[in-house]
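Below you'll find the structure, written out as structure tokens, and then a few comments.
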Amino acid sequence: FYQFNPYSGFWGRMFLGHAVSDELFHLRYLPIALAPSEWYDDHPQGGCFSGSAIVKDDRLYLLYTGTSNNGRGFEQNQCLAWSDDGIHFSKYEGNPIISAPEGVSHDFFRDPKVWEHEGAYYLICGAQRHGQACVLLYRSNDLINWQFLNTMAESRGEWGYMWECPDFFQLGDRHVLICSPMGAGERTVVYFIGDFDYRTGRFSYTSNGEIDWGFDFYAPQTFLDGAGRRIMLAWANCWDWMPFWKDWGPTYREGWCGSFCVPREVRLEGGDKLAFEPVRELSLFHVDPYESQHMLVGTEPTDIPVSDGVHYDLTFSIDLA
């Protein structure tokens, strides 16, 4: 699923698009999953924002953020839709299912990520309280009725004023929280590794790091595949290309804005670091290989043929001695 405007390369009323793939690269586009249509998701500069999906009793449930303005300014609530064929979705008549709790800014409350643990369902949302970023945790038995558990984690100012698109998962015996901080300088996407207590709903991290550098990697989300790999997809665009920050970047002239990065596998290394490697399916697209066994790195340039010079995958090992 992906958030997009089907009518323009400019920001507007957001829809949720839908595509499927057998090997993470060739995508088959399906009909639009969700369109703005209700009082809780019909803002002309809002609509159906990002979320996540989960299967329960052979039904696909899609949790997303509905954005509207009903006299209180920009409001964001968590909403529910479902599908029995994985293509056609119906919105829950009781939406929204979660509204911002007291003390949380109702215009900074979005991007639900849902998972199941020991028969119960858990959901986190990015939020803002007292001008600081935080992640809120909820619990449910049926995906409809949700109980607020705790503030799972929060910034004290060092990690910005809003954590967008949070993700939470277990790797080995550790738990990982990923978020995209707004207002944290150049650290565009970060991860925290630590311990999580399902009884208290509190996450305590012992290390943190950066997933990627630069402004073309944002809002990653992960899922488990059939082989047990933790696969990550991210948006190859950034806040700097939003009009109220700078401009639209160059692609709007071609009628599009944003794309996705090559999928990556997430691995835990040494208990306190994450590694991110392009998925092995990428090798299916290698053609015209070039190999050199011994190259001396000196002051003179060495040319390496890379086919069309646009698409290439370079792998090397270096003997520093």
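In the structure tokens, chains take the letters A, B, ... in the order shown, each chain's residues start at 1, and ligands count up from 1 in the order shown.
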Write out as number ranges by chain each polymer residue whose atoms come within 10 Å of A:Trp213, counting only C-alpha atoms; drop sequence neighbours fewer than 6 positions from it. A: 186-190
If we count only C-alpha atoms and set the cut-off at 10 Å, which residues sit around A:Leu34, ignoring sequence neighbours fewer than 5 positions away in its own chain? Please answer as a PyMOL selection string. chain A and resi 1+3+14-18+47-49+62+64+81+88-91
Who sits within 10 Å of stretch 301-310 of chain A, only C-alpha atoms, same chain under 2 positions skipped, as number ranges by chain: A: 287-292, 295-299, 312-314
Of the candidates A:Ile211, A:Ala35, A:Ala236, A:Ile193, which one gets nearest to A:Phe276 if we count only C-alpha atoms?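 Between A:Ile211, A:Ala35, A:Ala236, A:Ile193, the residue approaching A:Phe276 most closely is A:Ile211.
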Give me every strand (DSSP E or B) residue in stretch 70-319 of chain A, going by DSSP on the backbone, as a ChimeraX atom specification. /A:75-83,90-91,98,104-117,120-129,132-140,146-154,162-171,174-182,190-197,202-210,218-224,230-235,260,264-269,273-278
List every residue of stretch 136-263 of chain A that DSSP, applied to the backbone, labels as helix (DSSP H, G or I), and write the result as a PyMOL selection string. chain A and resi 239-241+251-254
Determine, using only C-alpha atoms, which residues of stretch 98-184 of chain A have any atom at most 12 Å from an atom of stretch 218-221 of chain A, and tabulate each with its shortest atom pair and distance in Å to one decimal place, rows ordered by chain and then rising number, as CSV.
```
residue,atom,partner,partner_atom,distance
A:Asp111,CA,A:Ala219,CA,9.7
A:Pro112,CA,A:Gln221,CA,11.0
A:Lys113,CA,A:Gln221,CA,8.7
A:Val114,CA,A:Gln221,CA,11.3
A:Gly126,CA,A:Ala219,CA,11.4
A:Trp163,CA,A:Ala219,CA,9.6
A:Glu164,CA,A:Ala219,CA,6.8
A:Cys165,CA,A:Ala219,CA,5.4
A:Pro166,CA,A:Ala219,CA,7.8
A:Asp167,CA,A:Gln221,CA,6.1
A:Phe168,CA,A:Gln221,CA,9.1
A:Phe169,CA,A:Gln221,CA,10.4
A:Leu177,CA,A:Gln221,CA,10.7
A:Ile178,CA,A:Pro220,CA,8.0
A:Cys179,CA,A:Ala219,CA,7.0
A:Ser180,CA,A:Ala219,CA,5.7
A:Pro181,CA,A:Ala219,CA,9.3
A:Met182,CA,A:Tyr218,CA,10.7
```
Output of the above residues as a compact mmCIF listing (two decimals), in the first residue's frame, restricted to N, CA, C and O atoms:
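Here's the written file selection.txt:
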```txt
# COMPACT_ATOMS: atom_id res chain seq x y z
N ASP A 111 -0.21 7.54 11.29
CA ASP A 111 0.63 6.43 10.79
C ASP A 111 0.58 5.21 11.71
O ASP A 111 1.60 4.80 12.29
N PRO A 112 -0.58 4.56 11.85
CA PRO A 112 -0.67 3.39 12.74
C PRO A 112 0.07 2.17 12.17
O PRO A 112 -0.05 1.86 10.99
N LYS A 113 0.83 1.49 13.01
CA LYS A 113 1.47 0.21 12.66
C LYS A 113 0.93 -0.84 13.61
O LYS A 113 1.03 -0.72 14.83
N VAL A 114 0.35 -1.92 13.05
CA VAL A 114 -0.33 -2.93 13.84
C VAL A 114 0.41 -4.25 13.76
O VAL A 114 1.04 -4.58 12.75
N GLY A 126 2.58 7.55 15.65
CA GLY A 126 3.43 8.70 15.89
C GLY A 126 2.59 9.85 16.41
O GLY A 126 1.46 10.05 15.97
N TRP A 163 7.45 12.08 15.44
CA TRP A 163 8.00 10.85 14.87
C TRP A 163 6.99 10.31 13.88
O TRP A 163 5.94 9.78 14.27
N GLU A 164 7.32 10.38 12.61
CA GLU A 164 6.41 9.90 11.57
C GLU A 164 6.66 8.42 11.28
O GLU A 164 7.77 7.91 11.45
N CYS A 165 5.61 7.77 10.80
CA CYS A 165 5.68 6.38 10.33
C CYS A 165 6.49 5.48 11.25
O CYS A 165 7.45 4.83 10.80
N PRO A 166 6.14 5.39 12.53
CA PRO A 166 6.89 4.49 13.41
C PRO A 166 6.67 3.03 13.03
O PRO A 166 5.62 2.65 12.50
N ASP A 167 7.67 2.22 13.30
CA ASP A 167 7.60 0.78 13.07
C ASP A 167 8.22 0.10 14.28
O ASP A 167 9.17 0.63 14.88
N PHE A 168 7.69 -1.06 14.65
CA PHE A 168 8.18 -1.75 15.84
C PHE A 168 8.16 -3.25 15.58
O PHE A 168 7.17 -3.78 15.09
N PHE A 169 9.26 -3.94 15.89
CA PHE A 169 9.34 -5.37 15.64
C PHE A 169 10.44 -5.98 16.50
O PHE A 169 11.27 -5.27 17.09
N LEU A 177 12.62 -0.14 17.45
CA LEU A 177 11.70 0.94 17.09
C LEU A 177 12.36 1.78 16.01
O LEU A 177 13.50 2.21 16.16
N ILE A 178 11.64 1.99 14.90
CA ILE A 178 12.12 2.82 13.80
C ILE A 178 11.16 4.00 13.65
O ILE A 178 9.94 3.84 13.78
N CYS A 179 11.70 5.18 13.39
CA CYS A 179 10.85 6.33 13.15
C CYS A 179 11.58 7.33 12.27
O CYS A 179 12.80 7.28 12.10
N SER A 180 10.80 8.26 11.72
CA SER A 180 11.33 9.34 10.89
C SER A 180 11.08 10.65 11.62
O SER A 180 9.97 11.18 11.58
N PRO A 181 12.10 11.17 12.32
CA PRO A 181 11.87 12.37 13.13
C PRO A 181 11.76 13.63 12.28
O PRO A 181 12.53 13.82 11.34
N MET A 182 10.81 14.47 12.65
CA MET A 182 10.74 15.81 12.10
C MET A 182 11.38 16.75 13.12
O MET A 182 11.13 16.66 14.31
```
